[in-house]
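Asker: Handing over data.tsv, TSV, C-alpha atoms and all ligand atoms.
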chain	number	residue	atom	x	y	z
A	1226	HIS	CA	129.52	37.23	118.55
A	1227	ARG	CA	127.35	34.31	119.66
A	1228	THR	CA	128.17	30.80	118.58
A	1229	GLU	CA	126.39	27.58	119.50
A	1230	SER	CA	125.02	28.63	122.87
A	1231	THR	CA	125.34	31.42	125.38
A	1232	PRO	CA	126.13	31.25	129.08
A	1233	MET	CA	122.58	32.40	129.88
A	1234	SER	CA	120.86	29.21	128.79
A	1235	THR	CA	122.24	25.73	129.06
A	1236	LEU	CA	119.43	24.12	127.07
A	1237	ARG	CA	119.39	26.39	124.04
A	1238	THR	CA	121.34	26.90	120.82
A	1239	HIS	CA	121.04	29.67	118.22
A	1240	ASP	CA	119.10	27.49	115.76
A	1241	ASP	CA	117.26	24.97	117.96
A	1242	THR	CA	113.81	23.69	116.98
A	1243	TRP	CA	110.94	22.09	118.88
A	1244	ASP	CA	107.42	20.73	118.67
A	1245	ILE	CA	104.48	21.41	120.99
A	1246	ALA	CA	105.59	18.97	123.70
A	1247	THR	CA	109.30	19.74	123.86
A	1248	SER	CA	111.64	22.58	124.90
A	1249	VAL	CA	110.22	26.07	124.26
A	1250	GLY	CA	107.16	24.53	122.57
A	1251	SER	CA	106.01	23.06	125.87
A	1252	THR	CA	105.90	26.54	127.44
A	1253	ALA	CA	103.03	27.32	125.08
A	1254	VAL	CA	101.09	24.42	126.62
A	1255	MET	CA	101.78	25.67	130.14
A	1256	VAL	CA	100.31	29.11	129.47
A	1257	ALA	CA	97.35	27.57	127.65
A	1258	ALA	CA	96.78	25.42	130.75
A	1259	ALA	CA	96.73	28.60	132.84
A	1260	ARG	CA	94.10	30.08	130.47
A	1261	ALA	CA	92.05	26.89	130.72
A	1262	GLY	CA	92.22	27.14	134.54
A	1263	GLU	CA	91.13	30.78	134.50
A	1264	THR	CA	88.27	30.03	132.11
A	1265	ASP	CA	86.97	27.47	134.66
A	1266	ASN	CA	87.05	30.00	137.53
A	1267	PRO	CA	83.67	31.12	138.88
A	1268	ASP	CA	84.48	34.75	138.02
A	1269	PRO	CA	87.00	34.58	135.18
A	1270	LEU	CA	88.87	37.63	133.91
A	1271	ILE	CA	89.17	36.09	130.44
A	1272	ARG	CA	87.53	33.21	128.61
A	1273	ASP	CA	89.50	30.95	126.34
A	1274	PRO	CA	87.13	28.13	125.41
A	1275	TYR	CA	89.78	26.42	123.27
A	1276	ALA	CA	92.63	26.32	125.78
A	1277	ARG	CA	91.57	23.02	127.34
A	1278	ILE	CA	91.26	21.22	123.99
A	1279	LEU	CA	94.73	22.44	123.04
A	1280	VAL	CA	96.26	21.32	126.33
A	1281	GLU	CA	94.58	17.93	126.36
A	1282	GLY	CA	95.91	17.04	122.93
A	1283	ALA	CA	99.50	17.97	123.74
A	1284	GLY	CA	100.50	14.70	125.43
A	1285	THR	CA	102.21	14.14	128.74
A	1286	GLY	CA	103.67	17.00	130.76
A	1287	MET	CA	103.41	19.15	133.84
A	1288	TRP	CA	100.35	20.85	132.36
A	1289	GLU	CA	98.32	17.73	133.21
A	1290	SER	CA	98.81	18.50	136.90
A	1291	MET	CA	97.74	22.08	136.21
A	1292	LEU	CA	94.37	20.87	134.89
A	1293	ASP	CA	93.92	18.48	137.81
A	1294	GLU	CA	91.37	20.09	140.16
A	1295	SER	CA	92.69	18.32	143.25
A	1296	MET	CA	96.16	19.74	142.68
A	1297	ALA	CA	95.52	23.14	144.30
A	1298	ASP	CA	94.52	21.46	147.58
A	1299	ARG	CA	97.50	19.12	147.50
A	1300	VAL	CA	99.94	21.97	146.92
A	1301	GLU	CA	98.25	23.98	149.70
A	1302	ALA	CA	98.73	21.06	152.11
A	1303	ALA	CA	102.34	20.44	151.07
A	1304	ASP	CA	103.58	24.03	151.02
A	1305	PRO	CA	101.23	27.02	151.51
A	1306	GLU	CA	103.84	29.47	150.20
A	1307	ALA	CA	104.20	27.43	147.02
A	1308	ALA	CA	100.41	27.41	146.72
A	1309	ALA	CA	100.44	31.21	146.90
A	1310	ILE	CA	103.09	31.32	144.16
A	1311	PHE	CA	100.90	29.07	142.01
A	1312	ARG	CA	97.86	31.27	142.56
A	1313	HIS	CA	100.00	34.26	141.73
A	1314	MET	CA	101.18	32.67	138.48
A	1315	GLY	CA	97.63	31.82	137.47
A	1316	ASN	CA	96.50	35.36	138.20
A	1317	TYR	CA	99.46	36.76	136.31
A	1318	GLN	CA	98.57	34.78	133.19
A	1319	ALA	CA	94.92	35.85	133.42
A	1320	VAL	CA	95.85	39.52	133.83
A	1321	ARG	CA	98.34	39.32	130.97
A	1322	THR	CA	95.77	37.76	128.61
A	1323	HIS	CA	93.20	40.36	129.67
A	1324	PHE	CA	95.64	43.21	128.98
A	1325	PHE	CA	96.52	42.12	125.45
A	1326	ASP	CA	92.90	41.22	124.61
A	1327	ALA	CA	92.09	44.86	125.40
A	1328	PHE	CA	95.05	46.03	123.28
A	1329	PHE	CA	93.59	44.24	120.24
A	1330	ALA	CA	90.05	45.48	120.93
A	1331	ASP	CA	91.40	49.06	120.98
A	1332	ALA	CA	93.43	48.52	117.81
A	1333	ALA	CA	90.38	47.10	116.01
A	1334	ALA	CA	88.24	50.03	117.25
A	1335	ALA	CA	90.89	52.39	115.83
A	1336	GLY	CA	90.44	50.76	112.42
A	1337	ILE	CA	93.48	48.45	112.29
A	1338	ARG	CA	92.67	45.31	110.30
A	1339	GLN	CA	96.11	43.69	110.05
A	1340	ILE	CA	97.28	41.77	113.12
A	1341	VAL	CA	100.56	39.93	113.69
A	1342	ILE	CA	100.98	37.60	116.65
A	1343	LEU	CA	104.69	36.88	117.09
A	1344	ALA	CA	105.29	33.47	118.72
A	1345	SER	CA	101.58	32.72	118.69
A	1346	GLY	CA	101.95	29.31	120.36
A	1347	LEU	CA	98.50	28.17	121.48
A	1348	ASP	CA	97.09	31.71	121.50
A	1349	SER	CA	93.50	31.32	120.28
A	1350	ARG	CA	92.72	35.02	119.80
A	1351	ALA	CA	92.26	34.55	116.05
A	1352	TYR	CA	89.46	32.12	116.95
A	1353	ARG	CA	87.94	33.64	120.07
A	1354	LEU	CA	88.02	37.45	119.78
A	1355	ASP	CA	85.35	39.53	118.11
A	1356	TRP	CA	87.22	40.80	115.03
A	1357	PRO	CA	85.68	43.27	112.57
A	1358	ALA	CA	84.98	41.81	109.12
A	1359	GLY	CA	88.03	41.84	106.90
A	1360	THR	CA	90.57	41.45	109.73
A	1361	ARG	CA	93.64	39.39	108.83
A	1362	VAL	CA	95.59	37.69	111.62
A	1363	TYR	CA	99.13	36.47	110.89
A	1364	GLU	CA	100.46	33.92	113.34
A	1365	ILE	CA	104.20	33.34	113.47
A	1366	ASP	CA	105.77	30.40	115.30
A	1367	GLN	CA	107.84	27.30	114.61
A	1368	PRO	CA	106.21	25.02	111.99
A	1369	LYS	CA	105.26	22.13	114.28
A	1370	VAL	CA	103.69	24.43	116.87
A	1371	LEU	CA	101.47	26.12	114.27
A	1372	GLU	CA	100.57	22.81	112.74
A	1373	TYR	CA	99.56	21.32	116.09
A	1374	LYS	CA	97.21	24.21	116.90
A	1375	ALA	CA	95.58	24.42	113.47
A	1376	THR	CA	95.06	20.65	113.24
A	1377	THR	CA	93.72	20.27	116.78
A	1378	LEU	CA	91.24	23.14	116.44
A	1379	ALA	CA	90.09	21.92	113.02
A	1380	GLU	CA	89.56	18.41	114.42
A	1381	HIS	CA	87.25	19.93	117.03
A	1382	GLY	CA	85.35	21.93	114.44
A	1383	VAL	CA	86.64	25.27	115.75
A	1384	ARG	CA	86.55	27.94	113.05
A	1385	PRO	CA	88.64	31.12	112.94
A	1386	ALA	CA	86.90	34.43	113.75
A	1387	ALA	CA	89.15	36.28	111.30
A	1388	GLU	CA	91.17	35.46	108.20
A	1389	VAL	CA	94.09	33.49	109.68
A	1390	HIS	CA	97.43	33.18	107.91
A	1391	GLU	CA	100.05	30.92	109.43
A	1392	VAL	CA	103.68	31.87	108.95
A	1393	PRO	CA	105.85	28.92	109.95
A	1394	VAL	CA	109.28	30.41	110.55
A	1395	ASP	CA	111.73	30.93	113.38
A	1396	LEU	CA	111.81	34.50	114.67
A	1397	ARG	CA	115.62	34.43	114.67
A	1398	GLN	CA	115.53	33.85	110.90
A	1399	ASP	CA	114.25	36.09	108.08
A	1400	TRP	CA	110.66	36.03	109.26
A	1401	ALA	CA	109.84	39.38	107.63
A	1402	ALA	CA	110.30	37.86	104.17
A	1403	ALA	CA	108.13	34.88	105.15
A	1404	LEU	CA	105.43	37.22	106.47
A	1405	ARG	CA	105.37	39.28	103.28
A	1406	GLY	CA	105.31	36.04	101.31
A	1407	ARG	CA	102.00	35.18	103.00
A	1408	GLY	CA	100.43	38.47	101.89
A	1409	PHE	CA	101.26	40.84	104.75
A	1410	ASP	CA	100.97	44.44	103.49
A	1411	PRO	CA	103.50	46.86	105.04
A	1412	THR	CA	101.60	49.87	103.70
A	1413	GLN	CA	98.65	49.07	106.02
A	1414	PRO	CA	98.79	49.81	109.75
A	1415	THR	CA	99.41	46.71	111.85
A	1416	ALA	CA	98.84	45.74	115.48
A	1417	TRP	CA	101.71	43.55	116.75
A	1418	LEU	CA	101.94	41.37	119.83
A	1419	ALA	CA	104.97	39.69	121.44
A	1420	GLU	CA	103.55	37.90	124.50
A	1421	GLY	CA	105.58	35.25	126.31
A	1422	LEU	CA	108.35	35.58	123.74
A	1423	LEU	CA	111.16	37.97	124.62
A	1424	MET	CA	112.62	35.88	127.46
A	1425	TYR	CA	113.26	33.10	124.91
A	1426	LEU	CA	115.35	35.38	122.72
A	1427	PRO	CA	118.89	36.62	123.37
A	1428	ALA	CA	119.24	40.43	123.61
A	1429	ASP	CA	120.54	40.89	120.06
A	1430	ALA	CA	117.67	38.80	118.61
A	1431	GLN	CA	115.19	41.01	120.48
A	1432	ASP	CA	116.73	44.12	118.91
A	1433	ARG	CA	116.64	42.59	115.44
A	1434	LEU	CA	113.03	41.53	115.96
A	1435	PHE	CA	111.87	45.06	116.79
A	1436	GLU	CA	114.00	46.57	114.01
A	1437	GLN	CA	112.05	44.42	111.58
A	1438	VAL	CA	108.72	45.18	113.27
A	1439	THR	CA	109.54	48.89	112.92
A	1440	GLU	CA	110.45	48.54	109.24
A	1441	LEU	CA	107.17	46.75	108.52
A	1442	SER	CA	105.01	49.22	110.47
A	1443	ALA	CA	103.09	51.85	108.51
A	1444	PRO	CA	102.20	55.05	110.41
A	1445	GLY	CA	99.38	54.38	112.86
A	1446	SER	CA	100.64	50.86	113.63
A	1447	ARG	CA	100.61	49.68	117.23
A	1448	VAL	CA	102.88	47.34	119.10
A	1449	SER	CA	102.48	45.45	122.36
A	1450	ALA	CA	104.79	43.17	124.28
A	1451	GLU	CA	105.44	41.50	127.58
A	1452	ALA	CA	108.88	42.79	128.58
A	1453	ILE	CA	111.01	41.10	131.22
A	1454	ALA	CA	113.95	42.76	132.94
A	1455	HIS	CA	117.21	41.02	133.76
A	1456	ARG	CA	116.82	39.05	136.99
A	1457	ASP	CA	119.08	38.51	139.87
A	1458	GLU	CA	120.70	35.07	139.49
A	1459	SER	CA	120.37	34.32	143.19
A	1460	ARG	CA	116.62	34.91	143.03
A	1461	ARG	CA	116.41	32.58	140.03
A	1462	ALA	CA	118.34	29.91	141.92
A	1463	GLU	CA	116.07	30.29	144.93
A	1464	MET	CA	112.93	29.89	142.81
A	1465	ARG	CA	114.40	26.84	141.11
A	1466	GLU	CA	115.22	25.19	144.43
A	1467	ARG	CA	111.77	25.82	145.81
A	1468	PHE	CA	110.15	24.44	142.69
A	1469	GLU	CA	112.29	21.30	142.76
A	1470	LYS	CA	111.45	20.70	146.37
A	1471	PHE	CA	107.71	20.66	145.98
A	1472	ALA	CA	107.85	19.04	142.55
A	1473	ASP	CA	109.44	16.11	144.37
A	1474	GLN	CA	106.91	16.27	147.19
A	1475	LEU	CA	103.98	16.20	144.79
A	1476	GLY	CA	105.47	13.87	142.22
A	1477	PHE	CA	105.35	16.45	139.42
A	1478	ASP	CA	106.81	15.62	136.09
A	1479	ARG	CA	109.60	18.17	135.83
A	1480	ARG	CA	111.49	17.24	132.74
A	1481	ILE	CA	111.47	20.86	131.67
A	1482	ASP	CA	113.00	23.65	133.65
A	1483	ILE	CA	111.52	26.78	132.15
A	1484	GLY	CA	114.20	28.97	133.71
A	1485	GLU	CA	116.81	27.04	131.77
A	1486	LEU	CA	115.04	27.73	128.47
A	1487	THR	CA	115.15	31.50	128.90
A	1488	TYR	CA	117.91	33.99	128.26
A	1489	ASN	CA	118.37	36.09	131.38
A	1490	ASP	CA	120.47	38.42	129.27
A	1491	PRO	CA	122.04	41.38	131.11
A	1492	ALA	CA	122.49	43.16	127.75
A	1493	ARG	CA	118.75	43.14	126.97
A	1494	ALA	CA	117.41	46.56	125.93
A	1495	ASP	CA	114.69	48.24	127.95
A	1496	LEU	CA	111.89	47.89	125.41
A	1497	VAL	CA	110.06	51.14	126.24
A	1498	GLU	CA	113.30	53.11	125.85
A	1499	TRP	CA	114.19	51.23	122.70
A	1500	LEU	CA	110.81	51.89	121.06
A	1501	ASN	CA	110.81	55.56	122.02
A	1502	ALA	CA	114.23	55.90	120.38
A	1503	HIS	CA	113.07	54.17	117.18
A	1504	GLY	CA	110.02	56.07	115.98
A	1505	TRP	CA	107.39	54.85	118.42
A	1506	THR	CA	105.57	56.49	121.32
A	1507	ALA	CA	105.66	53.77	123.94
A	1508	SER	CA	104.88	53.27	127.60
A	1509	GLY	CA	104.82	50.40	130.05
A	1510	VAL	CA	102.38	49.22	132.70
A	1511	PRO	CA	104.08	47.22	135.49
A	1512	SER	CA	102.24	43.91	135.71
A	1513	VAL	CA	102.15	44.36	139.49
A	1514	ASP	CA	100.03	47.51	139.06
A	1515	GLU	CA	97.72	45.81	136.58
A	1516	MET	CA	97.26	42.82	138.91
A	1517	ARG	CA	96.40	45.13	141.81
A	1518	ARG	CA	94.02	47.18	139.64
A	1519	LEU	CA	92.13	44.03	138.71
A	1520	GLY	CA	92.07	42.70	142.26
A	1521	ARG	CA	94.33	39.78	141.37
A	1522	TRP	CA	97.35	40.46	143.54
A	1523	VAL	CA	98.51	37.66	145.88
A	1524	ASP	CA	101.29	38.33	148.39
A	1525	ILE	CA	104.21	36.00	147.77
A	1526	PRO	CA	107.77	35.83	149.09
A	1527	MET	CA	109.96	38.46	147.38
A	1528	GLY	CA	106.87	39.72	145.58
A	1529	ASP	CA	107.84	43.32	146.08
A	1530	GLN	CA	111.30	43.02	144.53
A	1531	PRO	CA	111.86	45.41	141.65
A	1532	ASN	CA	112.18	43.58	138.32
A	1533	ALA	CA	110.57	40.46	139.77
A	1534	PHE	CA	107.73	40.77	137.28
A	1535	ALA	CA	107.04	41.86	133.76
A	1536	THR	CA	106.00	45.12	132.19
A	1537	PHE	CA	103.19	45.25	129.65
A	1538	VAL	CA	104.42	47.55	126.89
A	1539	ILE	CA	102.31	49.31	124.28
A	1540	GLY	CA	103.37	51.75	121.60
A	1541	GLU	CA	102.11	53.59	118.56
A	1542	ARG	CA	104.06	54.37	115.43
A	1543	LEU	CA	104.40	58.09	114.89
A	1544	GLY	CA	103.12	59.78	111.75
A	1545	SER	CA	99.68	60.24	110.27
A	1546	ARG	CA	97.89	57.71	108.16
B	1	LIG	N1	102.34	33.90	122.79
B	1	LIG	C1	101.76	32.63	123.18
B	1	LIG	C2	100.94	32.80	124.43
B	1	LIG	O1	101.16	33.76	125.17
B	1	LIG	O2	100.10	31.95	124.68
B	1	LIG	C3	102.82	31.55	123.39
B	1	LIG	C4	103.80	31.83	124.48
B	1	LIG	S1	104.88	30.45	124.82
B	1	LIG	C5	105.37	30.85	126.48
B	1	LIG	C6	106.33	30.79	123.86
B	1	LIG	C7	106.12	30.61	122.38
B	1	LIG	O3	107.20	31.25	121.71
B	1	LIG	C8	106.13	29.17	121.91
B	1	LIG	O4	104.98	28.92	121.15
B	1	LIG	C9	107.39	29.07	121.08
B	1	LIG	O5	107.29	28.13	120.02
B	1	LIG	C10	107.54	30.49	120.59
B	1	LIG	N2	108.90	30.88	120.25
B	1	LIG	C11	109.93	31.10	121.10
B	1	LIG	N3	111.04	31.42	120.43
B	1	LIG	C12	110.71	31.41	119.11
B	1	LIG	C13	111.43	31.63	117.92
B	1	LIG	N4	112.73	31.93	117.94
B	1	LIG	N5	110.78	31.53	116.73
B	1	LIG	C14	109.46	31.22	116.70
B	1	LIG	N6	108.73	30.99	117.80
B	1	LIG	C15	109.34	31.07	119.00
Output the file's structure in the form of structure tokens.

Answerer:
Amino acid sequence: HRTESTPMSTLRTHDDTWDIATSVGSTAVMVAAARAGETDNPDPLIRDPYARILVEGAGTGMWESMLDESMADRVEAADPEAAAIFRHMGNYQAVRTHFFDAFFADAAAAGIRQIVILASGLDSRAYRLDWPAGTRVYEIDQPKVLEYKATTLAEHGVRPAAEVHEVPVDLRQDWAAALRGRGFDPTQPTAWLAEGLLMYLPADAQDRLFEQVTELSAPGSRVSAEAIAHRDESRRAEMRERFEKFADQLGFDRRIDIGELTYNDPARADLVEWLNAHGWTASGVPSVDEMRRLGRWVDIPMGDQPNAFATFVIGERLGSR
């Protein structure tokens, strides 16, 4: 039984909260900054025209360095291996966004009109993807995170491309009731996404999350997720040390240590196995393969270690509609 905190994360408790610029909230800004960077590339894999607006309004943090164009050259000069890791991270985010954009395009083409984005953060898919008329997108995240995104986009005159319903609730609480309360219809097939989320949940919360997703999924529903395996603690320590070294060299603001916000939980279920045992037909694409396929692989130290990277999981709920 878990009490206030677990040994896996020194910064977290079972009922902690945050806004966009603190704790787990700030991780949403970091990935939005990566999308903004990719969008500015000469040959971008994805385009997120709202990422920059959302990052710029989020206040002070490491993401400011990520939007600074001179930063890449400074990192390259200070530590070429670190520069490669940065390029790798940027490519990873681009490939991940690309993968789940395609998941939603396929789901829409298959006739699914009910979408749930779990831990939506600064995901702007409800505003930037080409949704068929009548599509409803439910966004679940902590209240202040949802409020920040909706307010910032509205202030910039950005309008949703689907019917957006915000569900301000913690995913460790009874979010299913909150979702239904906003009009979600469990008799309709749904396409679900959990991107950049599972590492912030302990293993038992991940199981409960997918139990509820399964209960709410009519036949023909689809699920997608970024799944992370348990990582070797020594590798984590090595990455942390390297990061601290060049953060000091480059004068980065490093008030947040993302590694310390995650649960590197050895008890975490393998999501593909879990889904296949609970009424879904699921499979996983190793992110490494997807990066290579899209020509976005960068060689980095320890890059070939098993479990070093994520798996992109997709599944379909068995049964006919
Ligand atoms: N999915 C978005 C994306 O890929 O751009 C955001 C990813 S960000 C790395 C992590 C997000 O998970 C944050 O927005 C955070 O607020 C949300 N999150 C993490 N744990 C949560 C929880 N227990 N309940 C609700 N939201 C949570």

Asker: Within 6 Å of ligand LIG 1 (chain B) (counting all atoms listed in the file), which residues show up? I'd like them as JSON, numbers by chain.

Answerer: {"A": [1249, 1250, 1252, 1253, 1256, 1257, 1344, 1345, 1346, 1347, 1348, 1366, 1367, 1395, 1396, 1397, 1420, 1421, 1422, 1425]}

Asker: Using only C-alpha atoms, which residue out of A:Ala1443, A:Ile1278, A:Leu1270, A:Ala1375 lies closest to Asn1316 (chain A)?

Answerer: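 Ranked by minimum distance to Asn1316 (chain A), first place goes to A:Leu1270.
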
Asker: Quick one: residues within 8 Å of Pro1385 (chain A), only C-alpha atoms counted, chain neighbours fewer than 6 positions away excluded, as a VMD selection string?

Answerer: chain A and resid 1351 to 1353

Asker: Calculate how many Å separate CA of Phe1534 (chain A) from CA of Asp1432 (chain A), rounding to one decimal.

Answerer: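 Distance reported for this atom pair: 20.7 Å.
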
Asker: Choose the residue, out of A:Phe1435, A:Ala1402, A:Gly1445, A:Ala1258, that has the smallest atom-to-atom separation from Gly1336 (chain A); count all atoms listed in the file.

Answerer: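 For Gly1336 (chain A), the nearest of the given residues is A:Gly1445.
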
Asker: Neighbouring residues of Ala1494 (chain A) were defined as those with any atom within 10 Å, considering only C-alpha atoms; residues of the same chain fewer than 4 positions away were excluded. Please report them as a PyMOL selection string.

Answerer: chain A and resi 1428-1429+1431-1432+1452-1455+1490+1498-1500

Asker: Excluding Ala1333 (chain A) and its own-chain neighbours fewer than 4 positions away, which residues fall within 8 Å of it when counting all atoms listed in the file? Please give them as a list of chain:residue names.

Answerer: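 Listed by chain and then number, they are A:Phe1329, A:Ile1337, A:Arg1338, A:Trp1356, A:Pro1357.
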
Asker: Report, in Å with one decimal, the straight-line distance from CA of Met1314 (chain A) to CA of Trp1522 (chain A).

Answerer: 10.0 Å

Asker: Fewer than 5 positions away in the same chain doesn't count, so skip those; otherwise give me all residues within 10 Å of Val1300 (chain A), counting only C-alpha atoms, as a count of residues only.

Answerer: 11

Asker: Using only C-alpha atoms, pick whichever of A:Leu1236, A:Ala1261, A:Leu1519, A:Val1448 has the shortest atom-to-atom distance to Val1280 (chain A).

Answerer: A:Ala1261

Asker: Quick one: distance from CA of Asp1293 (chain A) to CA of Val1370 (chain A) in Å, one decimal?

Answerer: 23.9 Å

Asker: Would you list the contacts of Ala1401 (chain A) as a PyMOL selection string, taking every protein, DNA or RNA residue within 9 Å and counting only C-alpha atoms, but skipping same-chain residues closer than 6 positions in sequence?

Answerer: chain A and resi 1437-1438+1441

Asker: Looking at A:Asp1304, A:Phe1328, A:Phe1409, A:Ala1502, which one is nearest to Lys1470 (chain A), with distances taken over all atoms listed in the file?

Answerer: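 Checking each of A:Asp1304, A:Phe1328, A:Phe1409, A:Ala1502 against Lys1470 (chain A), counting all atoms listed in the file, the winner is A:Asp1304.
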
Asker: Restricting the calculation to all atoms listed in the file: of A:Arg1237, A:Arg1277, A:Arg1350, A:Arg1312, which residue gets closest to Val1362 (chain A)?

Answerer: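 Ranking A:Arg1237, A:Arg1277, A:Arg1350, A:Arg1312 by distance to Val1362 (chain A), first place goes to A:Arg1350.
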
Asker: Nearest to Tyr1275 (chain A) among A:Val1523, A:Leu1371, A:Val1383, A:Ile1342, with distances taken over only C-alpha atoms: which residue is it?

Answerer: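 Smallest distance to Tyr1275 (chain A) is found for A:Val1383.
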
Asker: Return region 1325-1337 of chain A, completed with N, CA and C atoms, as an mmCIF file, in the coordinates of the input.

Answerer:
data_model
loop_
_atom_site.group_PDB
_atom_site.id
_atom_site.type_symbol
_atom_site.label_atom_id
_atom_site.label_comp_id
_atom_site.auth_asym_id
_atom_site.auth_seq_id
_atom_site.Cartn_x
_atom_site.Cartn_y
_atom_site.Cartn_z
ATOM 1 N N PHE A 1325 96.271 42.122 126.893
ATOM 2 C CA PHE A 1325 96.520 42.120 125.450
ATOM 3 C C PHE A 1325 95.228 41.891 124.641
ATOM 4 N N ASP A 1326 94.222 41.261 125.257
ATOM 5 C CA ASP A 1326 92.900 41.220 124.610
ATOM 6 C C ASP A 1326 92.399 42.651 124.411
ATOM 7 N N ALA A 1327 92.560 43.464 125.457
ATOM 8 C CA ALA A 1327 92.090 44.860 125.400
ATOM 9 C C ALA A 1327 92.906 45.650 124.367
ATOM 10 N N PHE A 1328 94.205 45.363 124.294
ATOM 11 C CA PHE A 1328 95.050 46.030 123.280
ATOM 12 C C PHE A 1328 94.485 45.792 121.880
ATOM 13 N N PHE A 1329 94.112 44.543 121.589
ATOM 14 C CA PHE A 1329 93.590 44.240 120.240
ATOM 15 C C PHE A 1329 92.204 44.844 120.030
ATOM 16 N N ALA A 1330 91.381 44.865 121.068
ATOM 17 C CA ALA A 1330 90.050 45.480 120.930
ATOM 18 C C ALA A 1330 90.211 46.967 120.593
ATOM 19 N N ASP A 1331 91.146 47.632 121.259
ATOM 20 C CA ASP A 1331 91.400 49.060 120.980
ATOM 21 C C ASP A 1331 91.927 49.263 119.567
ATOM 22 N N ALA A 1332 92.853 48.391 119.161
ATOM 23 C CA ALA A 1332 93.430 48.520 117.810
ATOM 24 C C ALA A 1332 92.345 48.335 116.756
ATOM 25 N N ALA A 1333 91.475 47.349 116.965
ATOM 26 C CA ALA A 1333 90.380 47.100 116.010
ATOM 27 C C ALA A 1333 89.443 48.306 115.976
ATOM 28 N N ALA A 1334 89.145 48.867 117.176
ATOM 29 C CA ALA A 1334 88.240 50.030 117.250
ATOM 30 C C ALA A 1334 88.869 51.222 116.527
ATOM 31 N N ALA A 1335 90.197 51.282 116.503
ATOM 32 C CA ALA A 1335 90.890 52.390 115.830
ATOM 33 C C ALA A 1335 91.005 52.131 114.318
ATOM 34 N N GLY A 1336 90.487 51.011 113.856
ATOM 35 C CA GLY A 1336 90.440 50.760 112.420
ATOM 36 C C GLY A 1336 91.542 49.850 111.888
ATOM 37 N N ILE A 1337 92.403 49.334 112.757
ATOM 38 C CA ILE A 1337 93.480 48.450 112.290
ATOM 39 C C ILE A 1337 92.890 47.080 111.940
#
